[in-house]
file start35.cif (mmCIF, C-alpha atoms and all ligand atoms)
data_target
loop_
_atom_site.label_atom_id
_atom_site.label_comp_id
_atom_site.auth_asym_id
_atom_site.auth_seq_id
_atom_site.Cartn_x
_atom_site.Cartn_y
_atom_site.Cartn_z
CA MET C 1 1.61 9.68 -15.54
CA GLU C 2 -1.97 10.83 -15.46
CA ILE C 3 -3.47 11.54 -12.02
CA LYS C 4 -7.14 10.60 -12.35
CA LEU C 5 -9.39 12.83 -10.29
CA SER C 6 -12.42 11.44 -8.46
CA LYS C 7 -15.28 13.74 -7.42
CA ASP C 8 -15.07 12.85 -3.74
CA TYR C 9 -13.81 10.25 -1.30
CA GLU C 10 -16.85 8.00 -1.80
CA LYS C 11 -16.23 7.92 -5.56
CA LEU C 12 -12.54 7.21 -5.06
CA SER C 13 -13.36 4.38 -2.66
CA SER C 14 -16.01 2.80 -4.88
CA LEU C 15 -13.87 3.13 -8.00
CA VAL C 16 -11.00 1.19 -6.45
CA ALA C 17 -13.38 -1.28 -4.79
CA ILE C 18 -14.90 -2.00 -8.21
CA ILE C 19 -11.45 -2.73 -9.61
CA VAL C 20 -10.72 -5.14 -6.74
CA ALA C 21 -14.14 -6.78 -7.07
CA ALA C 22 -13.73 -7.21 -10.84
CA GLN C 23 -10.33 -8.80 -10.28
CA ILE C 24 -11.81 -11.33 -7.82
CA LEU C 25 -14.75 -12.13 -10.08
CA GLU C 26 -12.44 -12.64 -13.04
CA ASN C 27 -10.04 -14.81 -11.06
CA PRO C 28 -11.39 -16.18 -7.76
CA GLN C 29 -7.85 -17.31 -6.90
CA SER C 30 -6.38 -13.83 -7.25
CA LYS C 31 -3.40 -12.77 -5.19
CA LEU C 32 -3.87 -9.26 -3.85
CA VAL C 33 -1.60 -6.88 -1.98
CA LEU C 34 -3.61 -4.54 0.22
CA PRO C 35 -2.60 -1.31 1.94
CA THR C 36 -2.77 0.17 5.41
CA GLY C 37 -3.30 3.82 6.31
CA SER C 38 -6.55 5.80 6.39
CA THR C 39 -7.05 6.27 2.64
CA PRO C 40 -8.22 2.71 1.81
CA LEU C 41 -10.78 2.48 4.64
CA GLY C 42 -13.69 3.53 2.42
CA MET C 43 -12.61 0.99 -0.19
CA TYR C 44 -12.63 -1.77 2.43
CA GLU C 45 -16.11 -0.74 3.57
CA GLU C 46 -17.35 -0.87 -0.01
CA LEU C 47 -15.77 -4.30 -0.51
CA VAL C 48 -17.50 -5.60 2.62
CA ARG C 49 -20.84 -4.29 1.29
CA ARG C 50 -20.29 -6.21 -1.93
CA LYS C 51 -20.19 -9.59 -0.14
CA LEU C 52 -17.62 -11.10 -2.47
CA ASP C 53 -16.40 -14.66 -2.22
CA TRP C 54 -12.93 -14.32 -0.68
CA SER C 55 -12.54 -18.03 0.06
CA LEU C 56 -9.87 -18.64 -2.61
CA VAL C 57 -8.35 -15.16 -2.68
CA GLU C 58 -4.90 -14.77 -1.18
CA THR C 59 -4.11 -11.40 0.37
CA PHE C 60 -0.84 -9.94 1.58
CA ASN C 61 -0.33 -6.86 3.72
CA LEU C 62 1.96 -4.25 2.23
CA ASP C 63 3.60 -3.38 5.50
CA GLU C 64 3.46 -3.72 9.25
CA TYR C 65 4.98 -2.02 12.27
CA ILE C 66 7.51 -3.84 14.32
CA MET C 67 6.16 -3.79 17.82
CA ASN C 68 5.68 -6.00 20.82
CA PRO C 69 3.92 -9.13 19.50
CA ASP C 70 1.64 -9.00 22.53
CA HIS C 71 0.46 -5.56 21.53
CA PRO C 72 -3.13 -5.62 20.23
CA TYR C 73 -2.12 -3.95 16.96
CA SER C 74 0.75 -6.29 16.25
CA TYR C 75 0.68 -8.68 13.35
CA HIS C 76 3.50 -10.86 14.65
CA SER C 77 5.66 -8.80 12.40
CA TYR C 78 8.69 -10.92 11.63
CA ARG C 79 6.89 -14.08 10.67
CA PRO C 80 5.41 -13.00 7.32
CA THR C 81 8.75 -11.96 5.84
CA LEU C 82 10.09 -15.22 4.52
CA SER C 83 6.78 -16.88 3.82
CA PHE C 84 5.70 -13.83 1.84
CA GLU C 85 8.66 -13.80 -0.52
CA ASP C 86 8.56 -17.59 -0.75
CA LYS C 87 4.99 -17.44 -1.92
CA MET C 88 5.81 -14.66 -4.35
CA ASN C 89 8.48 -16.80 -5.95
CA VAL C 90 6.53 -20.03 -5.95
CA ASN C 91 3.35 -18.50 -7.21
CA LYS C 92 4.86 -16.10 -9.71
CA GLY C 93 3.52 -12.89 -8.34
CA ILE C 94 0.67 -10.68 -7.40
CA ASP C 95 -2.29 -9.95 -9.66
CA LEU C 96 -3.26 -6.61 -8.16
CA CYS C 97 -1.50 -4.35 -5.69
CA ILE C 98 -3.32 -1.40 -4.10
CA LEU C 99 -1.11 1.35 -2.69
CA GLY C 100 -1.38 4.58 -0.76
CA ILE C 101 1.33 7.24 -0.63
CA GLY C 102 3.05 8.91 2.31
CA SER C 103 3.61 12.66 2.46
CA ASN C 104 7.30 12.13 1.68
CA GLY C 105 6.55 9.94 -1.35
CA HIS C 106 6.91 6.60 0.39
CA ILE C 107 4.94 3.59 -0.74
CA ALA C 108 4.34 0.82 1.79
CA PHE C 109 7.15 1.72 4.22
CA ASN C 110 9.79 2.24 1.52
CA GLU C 111 11.16 5.56 2.67
CA PRO C 112 13.07 8.03 0.46
CA GLY C 113 16.43 6.50 -0.45
CA SER C 114 15.06 2.93 -0.64
CA SER C 115 16.57 0.93 -3.46
CA PHE C 116 14.33 0.38 -6.47
CA LYS C 117 15.48 -3.26 -6.26
CA SER C 118 14.52 -3.69 -2.59
CA ARG C 119 12.65 -6.76 -1.33
CA THR C 120 10.57 -7.41 1.75
CA ARG C 121 12.66 -6.33 4.73
CA VAL C 122 12.88 -4.49 8.03
CA VAL C 123 13.30 -0.71 7.73
CA ASP C 124 13.76 2.32 9.97
CA LEU C 125 10.93 4.82 9.66
CA SER C 126 11.74 8.42 8.79
CA GLU C 127 11.03 11.26 11.20
CA GLN C 128 8.39 12.51 8.75
CA THR C 129 6.55 9.18 8.72
CA ILE C 130 6.72 8.85 12.51
CA GLN C 131 5.28 12.36 12.77
CA ASP C 132 2.55 11.71 10.15
CA ASN C 133 1.47 8.42 11.68
CA SER C 134 1.50 9.67 15.28
CA ARG C 135 -2.17 10.57 14.76
CA PHE C 136 -3.02 6.90 15.09
CA PHE C 137 -1.26 6.59 18.49
CA ASP C 138 -1.69 8.15 21.92
CA SER C 139 1.62 9.98 21.61
CA ILE C 140 4.50 10.28 19.15
CA ASP C 141 6.64 8.21 21.53
CA ASP C 142 4.29 5.28 21.00
CA VAL C 143 4.88 5.15 17.22
CA PRO C 144 7.12 2.19 16.34
CA LYS C 145 10.46 3.24 14.88
CA GLN C 146 10.76 0.24 12.58
CA ALA C 147 8.51 -1.66 10.23
CA ILE C 148 8.52 -4.56 7.85
CA THR C 149 7.65 -3.65 4.30
CA MET C 150 7.32 -5.16 0.87
CA GLY C 151 10.19 -3.84 -1.20
CA LEU C 152 9.92 -1.62 -4.23
CA GLY C 153 11.27 -4.41 -6.44
CA THR C 154 8.65 -6.77 -5.02
CA ILE C 155 5.81 -4.28 -5.53
CA MET C 156 6.89 -3.67 -9.13
CA GLU C 157 6.48 -7.37 -9.92
CA SER C 158 2.71 -7.02 -9.41
CA LYS C 159 0.85 -7.39 -12.69
CA ARG C 160 -1.34 -4.38 -11.97
CA ILE C 161 -0.88 -1.51 -9.51
CA ILE C 162 -3.41 1.08 -8.32
CA LEU C 163 -2.27 3.96 -6.14
CA MET C 164 -4.97 5.87 -4.28
CA ALA C 165 -4.53 9.22 -2.56
CA ASN C 166 -6.94 11.41 -0.66
CA GLY C 167 -6.60 15.07 0.27
CA LYS C 168 -5.03 18.31 -0.97
CA HIS C 169 -1.95 17.67 1.16
CA LYS C 170 -1.12 14.69 -1.10
CA LEU C 171 -1.38 16.52 -4.43
CA ASN C 172 2.06 18.07 -4.49
CA ILE C 173 3.91 14.85 -3.71
CA LEU C 174 1.72 13.00 -6.24
CA LYS C 175 2.69 15.44 -8.98
CA VAL C 176 6.36 15.15 -8.08
CA ALA C 177 6.16 11.35 -8.00
CA MET C 178 4.16 10.84 -11.18
CA ASN C 179 5.48 13.64 -13.37
CA GLY C 180 8.92 14.40 -11.94
CA GLU C 181 12.22 12.60 -12.11
CA VAL C 182 12.23 8.85 -11.45
CA THR C 183 14.48 8.73 -8.42
CA GLU C 184 14.99 6.69 -5.27
CA ASP C 185 14.55 9.97 -3.36
CA VAL C 186 10.85 9.74 -4.28
CA PRO C 187 9.99 6.05 -3.93
CA ALA C 188 6.55 6.31 -5.60
CA SER C 189 8.20 7.65 -8.77
CA ILE C 190 9.16 4.07 -9.61
CA LEU C 191 5.54 3.54 -10.67
CA GLN C 192 6.29 5.55 -13.83
CA LYS C 193 8.23 2.50 -14.98
CA HIS C 194 5.35 0.05 -14.51
CA ASN C 195 3.30 -0.79 -17.60
CA ASP C 196 -0.02 -1.18 -15.78
CA ALA C 197 -0.08 1.34 -12.95
CA GLU C 198 -2.81 3.91 -12.38
CA VAL C 199 -3.21 6.74 -9.90
CA PHE C 200 -6.56 7.84 -8.49
CA TYR C 201 -6.91 10.97 -6.39
CA CYS C 202 -9.59 13.04 -4.73
CA ASP C 203 -9.08 16.32 -2.93
C1 LIG M 1 1.55 4.63 6.08
C2 LIG M 1 1.60 3.33 5.33
C3 LIG M 1 1.51 3.52 3.84
C4 LIG M 1 0.37 4.46 3.51
C5 LIG M 1 0.63 5.78 4.14
C6 LIG M 1 -0.45 6.81 3.83
O1 LIG M 1 2.80 5.20 6.26
N1 LIG M 1 2.77 2.59 5.61
O2 LIG M 1 1.33 2.27 3.22
O3 LIG M 1 0.25 4.58 2.12
O4 LIG M 1 0.67 5.60 5.54
O5 LIG M 1 -1.41 6.80 4.84
P1 LIG M 1 -2.77 7.58 4.74
O6 LIG M 1 -3.61 6.85 3.76
O7 LIG M 1 -3.34 7.47 6.13
O8 LIG M 1 -2.47 8.96 4.33
#
call {"tool": "encode", "arguments": {"input": "start35.cif", "output": "structure tokens"}}
result
Amino acid sequence: MEIKLSKDYEKLSSLVAIIVAAQILENPQSKLVLPTGSTPLGMYEELVRRKLDWSLVETFNLDEYIMNPDHPYSYHSYRPTLSFEDKMNVNKGIDLCILGIGSNGHIAFNEPGSSFKSRTRVVDLSEQTIQDNSRFFDSIDDVPKQAITMGLGTIMESKRIILMANGKHKLNILKVAMNGEVTEDVPASILQKHNDAEVFYCD
């Protein structure tokens, strides 16, 4: 798969924001899956600047930590699970799914070894992911050990998928995922099997 290089983070962000905006303009009732992590923040800022009409758009989070529901960062984690997959089935799928990639090749919170057929479920986070994401918490002990995530099978049912990655530290895993063997050891490699998936990167 081709890894399309953007000049800088602003370009990467605006490129993906334009794709999202075009999707909403084309179909105001679009169903979108949107990512967490630091990479998409610039895209979200650009989308806010564009003042789109989101009133009929349905959005789904890719993943969420499992943590105390009283915690300010909680999303009442368990509740979306069933309603999410119910909606997926009833509504016949997602129009556009935006993804990031973890340093171990995970997408959403589908860690290495996740089944390509997996659905939305509760997962244990890998040591690598806990370590990587500790930068968002006061200490590594505060990082939740479990999360709820869309499955790889669920993600692959999206009509269109865009993966965005930022930084030199992501390049090696991107190359492995997009040009190496398609294997459950590298969850993002499943995107090679999608007929409308693109990868955008800036270093
Ligand atoms: C987390 C999220 C992923 C995200 C990844 C990369 O683990 N669960 O969905 O893609 O981080 O994050 P970042 O964009 O901060 O590198």
call {"tool": "atom_distance", "arguments": {"input": "start35.cif", "atom1": "CA of Cys202 (chain C)", "atom2": "CA of Ser30 (chain C)"}}
result
27.2 Å
call {"tool": "closest_residue", "arguments": {"input": "start35.cif", "among": "C:Ile190, C:Ile66, C:Leu41, C:Ile98", "to": "Ser115 (chain C)", "atoms": "only C-alpha atoms"}}
result
C:Ile190
call {"tool": "residues_near_ligand", "arguments": {"input": "start35.cif", "ligand": "ligand LIG 1 (chain M)", "cutoff": "7 Å", "atoms": "only C-alpha atoms and all ligand atoms", "output": "PyMOL selection string"}}
result
chain C and resi 35-40+62-63+99-102+107-109+129+133+165
call {"tool": "write_last_selection", "arguments": {"input": "start35.cif", "atoms": "C-alpha atoms", "output": "PDB file, keeping the file's coordinate frame"}}
result
ATOM      1  CA  PRO C  35      -2.600  -1.310   1.940  1.00  0.00           C
ATOM      2  CA  THR C  36      -2.770   0.170   5.410  1.00  0.00           C
ATOM      3  CA  GLY C  37      -3.300   3.820   6.310  1.00  0.00           C
ATOM      4  CA  SER C  38      -6.550   5.800   6.390  1.00  0.00           C
ATOM      5  CA  THR C  39      -7.050   6.270   2.640  1.00  0.00           C
ATOM      6  CA  PRO C  40      -8.220   2.710   1.810  1.00  0.00           C
ATOM      7  CA  LEU C  62       1.960  -4.250   2.230  1.00  0.00           C
ATOM      8  CA  ASP C  63       3.600  -3.380   5.500  1.00  0.00           C
ATOM      9  CA  LEU C  99      -1.110   1.350  -2.690  1.00  0.00           C
ATOM     10  CA  GLY C 100      -1.380   4.580  -0.760  1.00  0.00           C
ATOM     11  CA  ILE C 101       1.330   7.240  -0.630  1.00  0.00           C
ATOM     12  CA  GLY C 102       3.050   8.910   2.310  1.00  0.00           C
ATOM     13  CA  ILE C 107       4.940   3.590  -0.740  1.00  0.00           C
ATOM     14  CA  ALA C 108       4.340   0.820   1.790  1.00  0.00           C
ATOM     15  CA  PHE C 109       7.150   1.720   4.220  1.00  0.00           C
ATOM     16  CA  THR C 129       6.550   9.180   8.720  1.00  0.00           C
ATOM     17  CA  ASN C 133       1.470   8.420  11.680  1.00  0.00           C
ATOM     18  CA  ALA C 165      -4.530   9.220  -2.560  1.00  0.00           C
TER      19      ALA C 165
END
call {"tool": "atom_distance", "arguments": {"input": "start35.cif", "atom1": "CA of Val143 (chain C)", "atom2": "CA of Asn166 (chain C)"}}
result
22.3 Å
call {"tool": "closest_residue", "arguments": {"input": "start35.cif", "among": "C:Thr183, C:Asn61, C:Asn172, C:Ser158", "to": "Asp196 (chain C)", "atoms": "only C-alpha atoms"}}
result
C:Ser158
call {"tool": "closest_residue", "arguments": {"input": "start35.cif", "among": "C:Glu58, C:Asp124, C:Glu184, C:Asp95", "to": "Ile19 (chain C)", "atoms": "all atoms listed in the file"}}
result
C:Asp95
call {"tool": "closest_residue", "arguments": {"input": "start35.cif", "among": "C:Leu32, C:Leu12, C:Met43, C:Leu96", "to": "Ile161 (chain C)", "atoms": "only C-alpha atoms"}}
result
C:Leu96
call {"tool": "build_atoms", "arguments": {"input": "start35.cif", "residues": "region 128-139 of chain C", "atoms": "all heavy atoms", "output": "short mmCIF file (atom, residue, chain, number, x, y, z; two decimals), in the coordinates of the input"}}
result
data_model
loop_
_atom_site.label_atom_id
_atom_site.label_comp_id
_atom_site.auth_asym_id
_atom_site.auth_seq_id
_atom_site.Cartn_x
_atom_site.Cartn_y
_atom_site.Cartn_z
N GLN C 128 9.63 12.02 9.37
CA GLN C 128 8.39 12.51 8.75
C GLN C 128 7.26 11.49 8.90
O GLN C 128 6.13 11.83 9.27
CB GLN C 128 8.64 12.79 7.26
CG GLN C 128 7.43 13.32 6.51
CD GLN C 128 7.06 14.72 6.95
OE1 GLN C 128 7.87 15.62 6.89
NE2 GLN C 128 5.82 14.90 7.42
N THR C 129 7.57 10.23 8.64
CA THR C 129 6.55 9.18 8.72
C THR C 129 6.11 8.97 10.17
O THR C 129 4.91 8.81 10.44
CB THR C 129 7.10 7.87 8.12
OG1 THR C 129 7.35 8.11 6.73
CG2 THR C 129 6.15 6.71 8.27
N ILE C 130 7.07 9.00 11.09
CA ILE C 130 6.72 8.85 12.51
C ILE C 130 5.78 9.99 12.92
O ILE C 130 4.76 9.78 13.58
CB ILE C 130 8.00 8.81 13.37
CG1 ILE C 130 8.75 7.50 13.10
CG2 ILE C 130 7.67 8.97 14.86
CD1 ILE C 130 10.14 7.43 13.68
N GLN C 131 6.12 11.19 12.47
CA GLN C 131 5.28 12.36 12.77
C GLN C 131 3.88 12.19 12.15
O GLN C 131 2.86 12.34 12.82
CB GLN C 131 5.98 13.60 12.20
CG GLN C 131 5.23 14.91 12.38
CD GLN C 131 5.19 15.30 13.84
OE1 GLN C 131 6.21 15.28 14.52
NE2 GLN C 131 4.01 15.64 14.33
N ASP C 132 3.84 11.86 10.85
CA ASP C 132 2.55 11.71 10.15
C ASP C 132 1.67 10.66 10.81
O ASP C 132 0.46 10.83 10.93
CB ASP C 132 2.77 11.28 8.69
CG ASP C 132 3.35 12.39 7.83
OD1 ASP C 132 3.41 13.54 8.31
OD2 ASP C 132 3.74 12.10 6.68
N ASN C 133 2.27 9.54 11.19
CA ASN C 133 1.47 8.42 11.68
C ASN C 133 1.20 8.49 13.18
O ASN C 133 0.48 7.65 13.71
CB ASN C 133 2.15 7.09 11.31
CG ASN C 133 2.09 6.85 9.81
OD1 ASN C 133 1.57 7.67 9.07
ND2 ASN C 133 2.62 5.73 9.35
N SER C 134 1.74 9.53 13.83
CA SER C 134 1.50 9.67 15.28
C SER C 134 0.02 9.91 15.56
O SER C 134 -0.45 9.69 16.68
CB SER C 134 2.36 10.78 15.88
OG SER C 134 2.01 12.02 15.32
N ARG C 135 -0.74 10.33 14.54
CA ARG C 135 -2.17 10.57 14.76
C ARG C 135 -2.94 9.30 15.09
O ARG C 135 -4.04 9.35 15.62
CB ARG C 135 -2.79 11.28 13.53
CG ARG C 135 -2.87 10.43 12.28
CD ARG C 135 -3.23 11.32 11.09
NE ARG C 135 -3.67 10.59 9.91
CZ ARG C 135 -2.86 10.03 9.03
NH1 ARG C 135 -1.54 10.10 9.21
NH2 ARG C 135 -3.35 9.40 7.98
N PHE C 136 -2.35 8.16 14.77
CA PHE C 136 -3.02 6.90 15.09
C PHE C 136 -2.67 6.39 16.49
O PHE C 136 -3.19 5.36 16.92
CB PHE C 136 -2.63 5.83 14.07
CG PHE C 136 -3.08 6.15 12.67
CD1 PHE C 136 -2.16 6.40 11.67
CD2 PHE C 136 -4.43 6.21 12.36
CE1 PHE C 136 -2.57 6.70 10.37
CE2 PHE C 136 -4.86 6.52 11.07
CZ PHE C 136 -3.92 6.76 10.07
N PHE C 137 -1.75 7.07 17.18
CA PHE C 137 -1.26 6.59 18.49
C PHE C 137 -1.56 7.63 19.56
O PHE C 137 -1.86 8.79 19.25
CB PHE C 137 0.25 6.32 18.40
CG PHE C 137 0.60 5.17 17.50
CD1 PHE C 137 0.70 5.35 16.13
CD2 PHE C 137 0.80 3.89 18.02
CE1 PHE C 137 1.00 4.28 15.28
CE2 PHE C 137 1.10 2.83 17.18
CZ PHE C 137 1.20 3.02 15.82
N ASP C 138 -1.43 7.22 20.83
CA ASP C 138 -1.69 8.15 21.92
C ASP C 138 -0.67 9.27 21.94
O ASP C 138 -0.98 10.42 22.24
CB ASP C 138 -1.65 7.41 23.27
CG ASP C 138 -2.84 6.48 23.40
OD1 ASP C 138 -3.85 6.72 22.70
OD2 ASP C 138 -2.75 5.52 24.18
N SER C 139 0.59 8.94 21.64
CA SER C 139 1.62 9.98 21.61
C SER C 139 2.68 9.58 20.58
O SER C 139 2.76 8.40 20.19
CB SER C 139 2.28 10.13 22.98
OG SER C 139 3.35 9.21 23.10
#
